[in-house]
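Asks: If you scroll down you'll find the structure; I have some questions about it.
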Amino acid sequence: MAQNIEWLPVLNQQGKVVGKATRSQVHNGSKVLHPVVHLHVFNNKGQLFVQKRPMHKDIQPGKWDTSVGGHVSFKETPQKALQRESKEELNIEIEDAKFLFSYKWESNVEREFVYVFALTTSQNPSPNSKELAGGQWMSIKEIREKLGDNFFTPNFEHEFNMLIKRIVFK
């Protein structure tokens with residue numbers, strides 16, 4: 001029986017698609033640059049929803065992370081990936097997420113081209129237990145107090161610091 005292989009775009013330094021690779025190929029230490037989407041989900045109180053990564057994840061298991069995060073599939077737009085991942089991870093429908101910025105992130109096993117979006121919603125996220133180990137709303141103050149304590153993923157902390165420079169928080 002044929003296995004369903006997940007193909008991801010391979011990017012050049014400018015973020016243009018130059019090929020494709022499997023998920024396992026981009027996570028094997030090869031540092032192949034590939035696109036991902038991150039969504040920061042805020043509520044009307046100014047709190048940010050953060051997700052807890054499950055222990056079975058290859059990268060940063062058990063740490064708290066961006067509301068929604070996932071790979072952009074080959075021949076998929078970042079916006080479509082964001083809609084798909086939001087539904088898969090938090091069971092929320094999004095159409096009006098605002099693109100904020102993009103940047104390159106490198107860990108010891110991979111290199112990502114990250115598209116960052118934000119959304120304020122009245123929807124109540126419902127974390128999918130097959131995708132996440134949970135989630136919760138946190139105030140910006142609570143997040144700031146936990147930075148540097150190994151509570152969040154290094155990528156989340158890096159991105160949060162860029163985010164707070166662009167958004168005025170209460």
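Labels for the structure tokens follow display order: chains A, B, ..., residues from 1 in each chain, ligands from 1.
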From a backbone DSSP assignment, name each residue in segment 85-170 of chain A labelled strand (DSSP E or B), as number ranges by chain.
Replies: A: 98-106, 111-120, 134-138, 152
Asks: Just want the 12 Å neighbourhood of Val26 of chain A, counted on only C-alpha atoms, with same-chain residues fewer than 2 positions away dropped. Output as a list of chain:residue names.
Replies: A:Glu6, A:Trp7, A:Leu8, A:Pro9, A:Val10, A:Leu11, A:Lys20, A:Ala21, A:Thr22, A:Arg23, A:Ser24, A:Asn28, A:Gly29, A:Ser30, A:Lys31, A:Val32, A:Leu33, A:His34, A:Pro35, A:Val36, A:His71, A:Glu106, A:Ser107, A:Asn108, A:Val109, A:Glu110, A:Arg111, A:Glu112
Asks: Those selected residues, please, written with N, CA and C atoms and delivered as a compact mmCIF listing (two decimals), in the first residue's frame.
Replies:
# COMPACT_ATOMS: atom_id res chain seq x y z
N GLU A 6 4.06 13.68 2.47
CA GLU A 6 3.79 15.11 2.57
C GLU A 6 4.92 15.88 1.91
N TRP A 7 4.62 16.55 0.80
CA TRP A 7 5.61 17.34 0.07
C TRP A 7 5.55 18.79 0.49
N LEU A 8 6.71 19.38 0.73
CA LEU A 8 6.83 20.77 1.12
C LEU A 8 7.67 21.52 0.10
N PRO A 9 7.38 22.81 -0.11
CA PRO A 9 8.20 23.59 -1.03
C PRO A 9 9.61 23.81 -0.46
N VAL A 10 10.58 23.82 -1.33
CA VAL A 10 11.94 24.21 -0.98
C VAL A 10 12.12 25.63 -1.51
N LEU A 11 12.65 26.51 -0.66
CA LEU A 11 12.77 27.92 -1.02
C LEU A 11 14.23 28.34 -1.17
N LYS A 20 10.99 20.85 -4.27
CA LYS A 20 10.18 20.28 -3.21
C LYS A 20 10.95 19.20 -2.48
N ALA A 21 10.53 18.94 -1.24
CA ALA A 21 11.17 17.93 -0.40
C ALA A 21 10.11 17.36 0.53
N THR A 22 10.38 16.19 1.07
CA THR A 22 9.43 15.60 2.02
C THR A 22 9.63 16.22 3.39
N ARG A 23 8.62 16.05 4.23
CA ARG A 23 8.69 16.55 5.60
C ARG A 23 9.92 15.98 6.32
N SER A 24 10.17 14.69 6.15
CA SER A 24 11.32 14.08 6.82
C SER A 24 12.64 14.65 6.30
N ASN A 28 15.57 16.64 8.90
CA ASN A 28 16.66 15.70 9.20
C ASN A 28 18.00 16.38 9.43
N GLY A 29 18.00 17.68 9.64
CA GLY A 29 19.26 18.39 9.84
C GLY A 29 19.83 18.96 8.56
N SER A 30 19.15 18.77 7.44
CA SER A 30 19.65 19.24 6.14
C SER A 30 19.59 20.76 6.01
N LYS A 31 18.76 21.40 6.85
CA LYS A 31 18.57 22.85 6.85
C LYS A 31 18.02 23.37 5.52
N VAL A 32 17.20 22.55 4.85
CA VAL A 32 16.53 22.96 3.63
C VAL A 32 15.48 24.02 4.03
N LEU A 33 15.55 25.18 3.42
CA LEU A 33 14.62 26.27 3.74
C LEU A 33 13.23 25.95 3.20
N HIS A 34 12.24 25.98 4.11
CA HIS A 34 10.86 25.65 3.74
C HIS A 34 9.90 26.59 4.47
N PRO A 35 8.71 26.84 3.89
CA PRO A 35 7.79 27.81 4.48
C PRO A 35 6.87 27.21 5.54
N VAL A 36 6.60 28.02 6.56
CA VAL A 36 5.62 27.69 7.59
C VAL A 36 4.77 28.92 7.87
N HIS A 71 3.27 23.68 8.50
CA HIS A 71 3.94 23.76 7.21
C HIS A 71 2.99 24.19 6.10
N GLU A 106 16.14 29.47 12.22
CA GLU A 106 16.98 28.28 12.11
C GLU A 106 17.15 27.65 13.47
N SER A 107 16.89 26.34 13.55
CA SER A 107 17.13 25.57 14.76
C SER A 107 18.24 24.57 14.45
N ASN A 108 18.49 23.67 15.37
CA ASN A 108 19.55 22.69 15.11
C ASN A 108 19.15 21.64 14.08
N VAL A 109 17.86 21.57 13.71
CA VAL A 109 17.44 20.55 12.74
C VAL A 109 16.79 21.10 11.49
N GLU A 110 16.42 22.39 11.49
CA GLU A 110 15.72 22.88 10.31
C GLU A 110 15.89 24.38 10.13
N ARG A 111 15.51 24.83 8.91
CA ARG A 111 15.44 26.27 8.59
C ARG A 111 14.07 26.55 8.01
N GLU A 112 13.40 27.54 8.57
CA GLU A 112 12.05 27.86 8.13
C GLU A 112 11.95 29.31 7.66
Asks: Write out as a ChimeraX atom specification each polymer residue whose atoms come within 10 Å of Arg84 of chain A, counting only C-alpha atoms; drop sequence neighbours fewer than 4 positions from it.
Replies: /A:70,72,78-80,88-89,91-94
Asks: Tell me, as a list of chain:residue names, which residues lie within 7 Å of Asn44 of chain A, counting only C-alpha atoms; anything in the same chain fewer than 5 positions away does not count.
Replies: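 Within the cut-off, the hits are A:Thr120, A:Thr121, A:Ser122.
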Asks: Select, from A:Glu159, A:His27, A:Glu131, A:Gln51, the residue with the minimum atom-to-atom distance to Lys63 of chain A, counting only C-alpha atoms.
Replies: A:Gln51
Asks: Could you check the closest approach to Gly135 of chain A for each of A:Ser67, A:Ser73, A:Gln47, A:Ser86 and tell me which residue wins, using only C-alpha atoms?
Replies: A:Ser67
Asks: Determine, counting only C-alpha atoms, which protein, DNA and RNA residues have an atom within 12 Å of an atom of His56 of chain A; residues of the same chain fewer than 4 positions away are not included. Present the result as a list of chain:residue names.
Replies: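 Once the adjacent positions are removed, what remains is A:Lys52, A:Gln60, A:Pro61, A:Gly62, A:Lys63, A:Lys130, A:Glu131, A:Leu132, A:Ala133.
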Asks: With DSSP run on the backbone, what are the alpha helix (DSSP H) residues within segment 42-144 of chain A? I'd like them as a ChimeraX atom specification.
Replies: /A:78-90,140-144
